[in-house]
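*Asks:* Provided herewith is a single structure, encoded as structure tokens, for subsequent inquiry.
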Amino acid sequence: MIECRHILAIVDTERDSQPALSRAFELAAKTGASVTAMLVVYDLSYDMTTMLSGDERESMRDAVTNEQAKWLKNHLNALGFQEADIVVEWNNRAYESIISYTLNDKVDLVVKATKRHDDLASVLFTPTDWHLMRKCPCPVLLVKDHDWPENGEIIAAVNVGSEDNEHAALNDKITLIANDYATLLKGNVNLVNSYPTTPLNVAIEVPEFDPENYHNAVKNHHNNEMQAHALKYGVPDEKCIVKEGLPEKVIPQVAKDIDAELVIIGTVGRVGLSAALIGNTAEHVIDELNCDVLAIKPDGFVSPLAK
């Protein structure tokens with residue numbers, strides 16, 4: 001079961017409702033976690049005050065943060081979130097304050113609302129969102145302004161075809177977390193895996209290459225690995241989806257087809273080129289999704305912002 005004792009919800013001053021706080025308290029009610037509401041502020045006019053003394057600049061900064069703290073307290077009271085602790089940080093890089101807080105205050109989950117395009121029913125991920133998904137040591141839940149209904153669909157995005165031990169460990173972690181969230185939310189776990197198409201250049205350049213046999217071998221390998229993985233975690237066959245194509249196309253399409261409420265995905269692998277490739281694939285998947293996303297790091301991940 002999910003061990004969640006401390007949830008950090010990021011407040012957005014540009015919106016009246018606070019989906020991150022709503023989701024944080026929804027989870028807190030089910031896990032017994034405490035909730036901290038964080039607001040990161042910065043006044044661009046501060047950059048124009050270099051002619052002032054250090055004390056004067058500090059007074060200006062304190063005045064802004066104190067004013068925002070009062071606003072936040074009143075805003076939370078109006079929304080019925082009086083139980084939340086309040087933290088107001090001054091930083092022009094919001095993600096740095098968020099990650100620093102998670103490192104210093106034993107946060108188990110960061111919850112942040114996503115933005116929407118004005119003219120499209122799709123999600124816009126901000127630079128802060130991407131920094132958090134890449135660098136935050138704890139899971140990051142990016143949410144839309146909607147409810148999580150019972151019997152909702154949860155996707156665990158896995159890569160069961162890989163023989164890499166790190167991928168296997170991340171598959172296990174993602175699936176365990178998906179099962180935990182399904183239990184908390186009375187939802188259904190769907191395991192989704194994609195496999196590559198037949199490389200056309202090989203089919204053209206190697207006369208003895210049999211593309212049909214190759215395709216069937218790859219497909220059967222992924223289906224067999226999915227069956228074994230699903231059996232280990234009690235996921236029924238009808239909830240296992242294996243499709244040909246790139247993960248950044250397959251996973252968002254499946255999420256749309258089954259009207260998924262939440263997609264759980266691993267975002268970072270080992271260091272170096274492999275990490276760049278794994279991270280890049282995950283980011284392409286996330287960028288195509290129009291539902292809540294829970295970004296998970298592998299065990300042993302160390303944030304680049306950790307001292």
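Identifiers for the structure tokens are assigned positionally: chains receive A, B, ... in sequence, residues are indexed from 1 per chain, and ligands are indexed from 1 in the order shown.
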Please give the complete set of residues from stretch 66-182 of chain A that DSSP, run on the backbone, assigns to alpha helix (DSSP H), formatted as a VMD selection string.
*Replies:* chain A and resid 66 to 79 94 to 104 127 to 135 165 to 182
*Asks:* Looking only at the backbone, which of the residues in stretch 128-162 of chain A does DSSP tag as strand (DSSP E), as number ranges by chain?
*Replies:* A: 140-143, 153-157
*Asks:* Considering only C-alpha atoms, can you say which of A:His229, A:Arg23, A:Lys239, A:Arg93 comes closest to A:Lys144?
*Replies:*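 So, comparing all the options, the nearest one is A:Arg23.
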*Asks:* Find the residue from A:Asn159, A:Asp299, A:Asn165, A:Leu184 that sits nearest to A:Leu246; use only C-alpha atoms when measuring.
*Replies:*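 Residue with the minimum atom-to-atom distance to A:Leu246: A:Asn159.
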*Asks:* Restricting the calculation to only C-alpha atoms, which member of A:Asp108, A:Glu288, A:Glu238, A:Glu166 is positioned closest to A:Gln253?
*Replies:*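 Answer, going by the shortest atom-to-atom distance: A:Glu288.
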*Asks:* Show which residues sit within 9 Å of A:Ala24, as an mmCIF file with C-alpha atoms, in the first residue's frame. Count only C-alpha atoms, and ignore same-chain residues fewer than 6 positions away.
*Replies:*
```
data_model
loop_
_atom_site.group_PDB
_atom_site.id
_atom_site.type_symbol
_atom_site.label_atom_id
_atom_site.label_comp_id
_atom_site.auth_asym_id
_atom_site.auth_seq_id
_atom_site.Cartn_x
_atom_site.Cartn_y
_atom_site.Cartn_z
ATOM 1 C CA ILE A 7 1.915 15.794 0.327
ATOM 2 C CA LEU A 8 3.120 19.085 -1.146
ATOM 3 C CA ALA A 9 0.468 20.882 -3.229
ATOM 4 C CA ALA A 33 -1.116 12.257 4.914
ATOM 5 C CA VAL A 35 -0.840 18.543 3.225
ATOM 6 C CA LEU A 109 4.332 13.337 -3.285
ATOM 7 C CA VAL A 110 4.268 16.670 -5.138
ATOM 8 C CA VAL A 111 0.921 17.611 -6.685
#
```
*Asks:* Which residues are near stretch 70-79 of chain A? Cut-off 8 Å, only C-alpha atoms, ignore same chain within fewer than 6 positions. Put them as a count of residues only.
*Replies:* 3
*Asks:* Residues within 8 Å of A:His215, please, as a list of chain:residue names. Count only C-alpha atoms; anything in the same chain fewer than 3 positions from it doesn't count.
*Replies:*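 What passes the distance filter is A:Thr197, A:Thr198, A:Pro211, A:Glu212, A:Val218, A:Lys219.
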*Asks:* Please produce an output containing all heavy atoms for each residue in the selection, written as a PDB file, in the first residue's frame.
*Replies:*
```pdb
ATOM      1  N   THR A 197       7.951  -1.222 -34.815  1.00  0.00           N
ATOM      2  CA  THR A 197       7.593  -1.718 -36.140  1.00  0.00           C
ATOM      3  C   THR A 197       8.818  -2.356 -36.802  1.00  0.00           C
ATOM      4  O   THR A 197       9.954  -2.148 -36.375  1.00  0.00           O
ATOM      5  CB  THR A 197       7.085  -0.577 -37.030  1.00  0.00           C
ATOM      6  OG1 THR A 197       8.104   0.436 -37.113  1.00  0.00           O
ATOM      7  CG2 THR A 197       5.823   0.047 -36.461  1.00  0.00           C
ATOM      8  N   THR A 198       8.580  -3.132 -37.843  1.00  0.00           N
ATOM      9  CA  THR A 198       9.684  -3.759 -38.571  1.00  0.00           C
ATOM     10  C   THR A 198      10.536  -2.690 -39.247  1.00  0.00           C
ATOM     11  O   THR A 198      10.000  -1.826 -39.941  1.00  0.00           O
ATOM     12  CB  THR A 198       9.140  -4.710 -39.645  1.00  0.00           C
ATOM     13  OG1 THR A 198       8.290  -5.680 -39.027  1.00  0.00           O
ATOM     14  CG2 THR A 198      10.275  -5.412 -40.382  1.00  0.00           C
ATOM     15  N   PRO A 211      10.438  -9.943 -43.113  1.00  0.00           N
ATOM     16  CA  PRO A 211       9.786  -8.968 -42.222  1.00  0.00           C
ATOM     17  C   PRO A 211       8.593  -9.541 -41.476  1.00  0.00           C
ATOM     18  O   PRO A 211       8.337  -9.158 -40.335  1.00  0.00           O
ATOM     19  CB  PRO A 211       9.366  -7.843 -43.171  1.00  0.00           C
ATOM     20  CG  PRO A 211       9.374  -8.443 -44.525  1.00  0.00           C
ATOM     21  CD  PRO A 211      10.417  -9.513 -44.507  1.00  0.00           C
ATOM     22  N   GLU A 212       7.872 -10.458 -42.084  1.00  0.00           N
ATOM     23  CA  GLU A 212       6.696 -11.013 -41.418  1.00  0.00           C
ATOM     24  C   GLU A 212       7.100 -11.870 -40.225  1.00  0.00           C
ATOM     25  O   GLU A 212       6.507 -11.771 -39.139  1.00  0.00           O
ATOM     26  CB  GLU A 212       5.870 -11.845 -42.389  1.00  0.00           C
ATOM     27  CG  GLU A 212       4.569 -12.360 -41.770  1.00  0.00           C
ATOM     28  CD  GLU A 212       3.688 -13.081 -42.774  1.00  0.00           C
ATOM     29  OE1 GLU A 212       4.026 -13.066 -43.974  1.00  0.00           O
ATOM     30  OE2 GLU A 212       2.659 -13.648 -42.352  1.00  0.00           O
ATOM     31  N   VAL A 218       8.700 -10.466 -32.702  1.00  0.00           N
ATOM     32  CA  VAL A 218       8.695  -9.339 -31.769  1.00  0.00           C
ATOM     33  C   VAL A 218       7.355  -9.250 -31.047  1.00  0.00           C
ATOM     34  O   VAL A 218       7.294  -9.083 -29.817  1.00  0.00           O
ATOM     35  CB  VAL A 218       9.009  -8.019 -32.505  1.00  0.00           C
ATOM     36  CG1 VAL A 218       8.815  -6.825 -31.574  1.00  0.00           C
ATOM     37  CG2 VAL A 218      10.429  -8.031 -33.051  1.00  0.00           C
ATOM     38  N   LYS A 219       6.282  -9.375 -31.806  1.00  0.00           N
ATOM     39  CA  LYS A 219       4.937  -9.298 -31.218  1.00  0.00           C
ATOM     40  C   LYS A 219       4.730 -10.400 -30.176  1.00  0.00           C
ATOM     41  O   LYS A 219       4.244 -10.135 -29.063  1.00  0.00           O
ATOM     42  CB  LYS A 219       3.885  -9.416 -32.320  1.00  0.00           C
ATOM     43  CG  LYS A 219       2.451  -9.366 -31.823  1.00  0.00           C
ATOM     44  CD  LYS A 219       1.476  -9.494 -32.984  1.00  0.00           C
ATOM     45  CE  LYS A 219       0.034  -9.489 -32.502  1.00  0.00           C
ATOM     46  NZ  LYS A 219      -0.918  -9.633 -33.644  1.00  0.00           N
TER      47      LYS A 219
END
```
*Asks:* How many Å lie between atom CA of A:Val285 and atom CA of A:Glu225, rounded to one decimal?
*Replies:*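 Separating atom CA of A:Val285 from atom CA of A:Glu225 is a distance of 21.5 Å.
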